[in-house]
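Below is one structure; the comments refer to it alone.
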Amino acid sequence: MKIYTEIKGNVNDPQWAERMAETEVEYIDLDQWTAQKSRFVVEGERGNRYAVALQRRAQLADGDIIEYLPEQRRMAAVRIRLSDVMVADLSSLEGEPSRTLIRIALELGHAIGNQHWPAVVKGTKVYIPLTVDRKVMESVMRTHRFEGVAYSFQPGSEIIPYLAPHEIRRLFGGTGPDSDVHHHHHEHALQR
């Protein structure tokens with residue numbers, strides 16, 4: 001089996017548009033957990049198997065091309081399905097007394113931690129991946145009524161450009177339907 005070790009390009013780059021028009025593209029659908037790995041074997045939509053072993057620190061992005069065979073008019077590209085991310089924005093709290101900031105930050109951290117939700121803090125924003133139904137996350141935020149904290153949901157693909165690789169792994173690695181993040185709280189409740 002051939003091993004794919006490099007990214008040839010990306011289907012979203014204009015320079016690949018002409019090549020794609022003349023090529024049969026097989027898409028390889030990856031969940032957000034697999035996309036964080038550098039080594040895996042996966043099957044494309046047409047049943048071809050791909051062994052991927054990227055170089056250190058290389059990471060696949062949505063649309064990355066791992067195979068391009070112009071003489072065979074063939075290409076293989078990945079599609080990454082990322083969950084949405086809840087963004088808690090604390091920027092309106094800037095200028096508040098330090099006691100207020102500490103209280104609200106601790107209350108928010110406690111609520112997020114109590115749900116076992118992973119989070120990444122960048123500046124005045126807290127990014128929390130959708131690990132449960134959106135309505136559950138909204139309910140937690142409404143229940144706690146964090147003063148001065150606005151929140152919204154954004155596609156994971158829009159958040160990734162602002163994150164370092166280790167932050168991407170924290171947000172999207174292990175938050176799939178079979179991960180401990182989903183089930184840990186439920187199992188904890190059953191043990192009581």
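Letters for chains follow the order of the structure tokens (A, B, ...), residue numbers begin at 1 for each chain, and ligand numbers begin at 1 in the order shown.
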
| task | Please run DSSP on the backbone and report, as a list in words, all residues within region 22-90 of chain A that come out as helix (DSSP H, G or I). | result | Gln32, Trp33, Thr34, Ala35, Pro70, Glu71 and Gln72 of chain A

Selection from above, N, CA and C atoms, as a compact mmCIF listing (two decimals), in the first residue's frame, can you write it?
```txt
# COMPACT_ATOMS: atom_id res chain seq x y z
N GLN A 32 -13.09 15.18 12.89
CA GLN A 32 -12.12 16.12 13.45
C GLN A 32 -11.05 15.43 14.27
N TRP A 33 -11.32 14.27 14.83
CA TRP A 33 -10.33 13.55 15.63
C TRP A 33 -9.24 12.97 14.72
N THR A 34 -9.65 12.30 13.65
CA THR A 34 -8.68 11.71 12.72
C THR A 34 -7.85 12.79 12.03
N ALA A 35 -8.47 13.91 11.71
CA ALA A 35 -7.76 14.99 11.01
C ALA A 35 -6.61 15.56 11.82
N PRO A 70 -1.66 13.39 -12.59
CA PRO A 70 -2.20 14.04 -13.79
C PRO A 70 -2.32 13.09 -14.98
N GLU A 71 -1.36 12.16 -15.12
CA GLU A 71 -1.42 11.24 -16.26
C GLU A 71 -2.61 10.29 -16.17
N GLN A 72 -3.09 10.03 -14.96
CA GLN A 72 -4.28 9.18 -14.78
C GLN A 72 -5.54 10.02 -14.53
```

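Neighbours of Met75 (chain A) closer than or equal to 10 Å, with only C-alpha atoms counted and sequence neighbours fewer than 2 positions away skipped, come out as Lys8, Val11, Arg19, Met20, Thr23, Glu24, Val25, Glu26, Tyr27, Ile65, Ile66, Glu67, Tyr68, Leu69, Pro70, Gln72, Arg73 and Ala77 of chain A.
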
Writer output for current selection, C-alpha atoms, as a short mmCIF file (atom, residue, chain, number, x, y, z; two decimals), in the first residue's frame:
```
data_model
loop_
_atom_site.label_atom_id
_atom_site.label_comp_id
_atom_site.auth_asym_id
_atom_site.auth_seq_id
_atom_site.Cartn_x
_atom_site.Cartn_y
_atom_site.Cartn_z
CA LYS A 8 0.30 18.46 -2.65
CA VAL A 11 -8.73 22.27 -3.73
CA ARG A 19 -6.46 20.79 -12.67
CA MET A 20 -9.60 19.72 -10.82
CA THR A 23 -9.42 15.32 -12.95
CA GLU A 24 -11.53 12.74 -11.14
CA VAL A 25 -11.46 13.69 -7.45
CA GLU A 26 -11.94 11.09 -4.74
CA TYR A 27 -12.82 12.71 -1.44
CA ILE A 65 -4.79 17.10 -1.69
CA ILE A 66 -2.69 14.05 -0.80
CA GLU A 67 -2.61 12.45 -4.23
CA TYR A 68 -2.39 14.00 -7.67
CA LEU A 69 -1.77 11.81 -10.71
CA PRO A 70 -2.20 14.04 -13.79
CA GLN A 72 -4.28 9.18 -14.78
CA ARG A 73 -6.47 12.26 -14.25
CA ALA A 77 -8.50 15.26 -1.32
#
```

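Restricting the calculation to only C-alpha atoms, the smallest distance between Glu96 (chain A) and any of A:Ile160, A:Gly148, A:Glu22, A:Val52 is found for A:Gly148.
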
| said: Given only C-alpha atoms as the basis, pick out the residue of A:Arg39, A:Arg74, A:Lys2, A:Lys122 nearest to Ala88 (chain A). | reply: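 Checking each of A:Arg39, A:Arg74, A:Lys2, A:Lys122 against Ala88 (chain A), counting only C-alpha atoms, the winner is A:Lys122.
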
| task | Mind giving me the straight-line distance from CA of Lys125 (chain A) to CA of Ser157 (chain A) in Å, one decimal? | result | 16.5 Å

| said: When you count only C-alpha atoms, which of these residues is closest to Ile28 (chain A): A:Asp64, A:Gln15, A:Asn10, A:Tyr4? | reply: A:Asp64

| DSSP strand (DSSP E or B) residues within region 28-124 of chain A, listed as a ChimeraX atom specification | /A:28-31,39-43,49-53,64-69,74-81,84-89,120-122

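Using only C-alpha atoms for every distance, the candidate list A:Gly173, A:Gly123, A:Gly9, A:Gly109 yields A:Gly9 as the residue closest to Ala61 (chain A).
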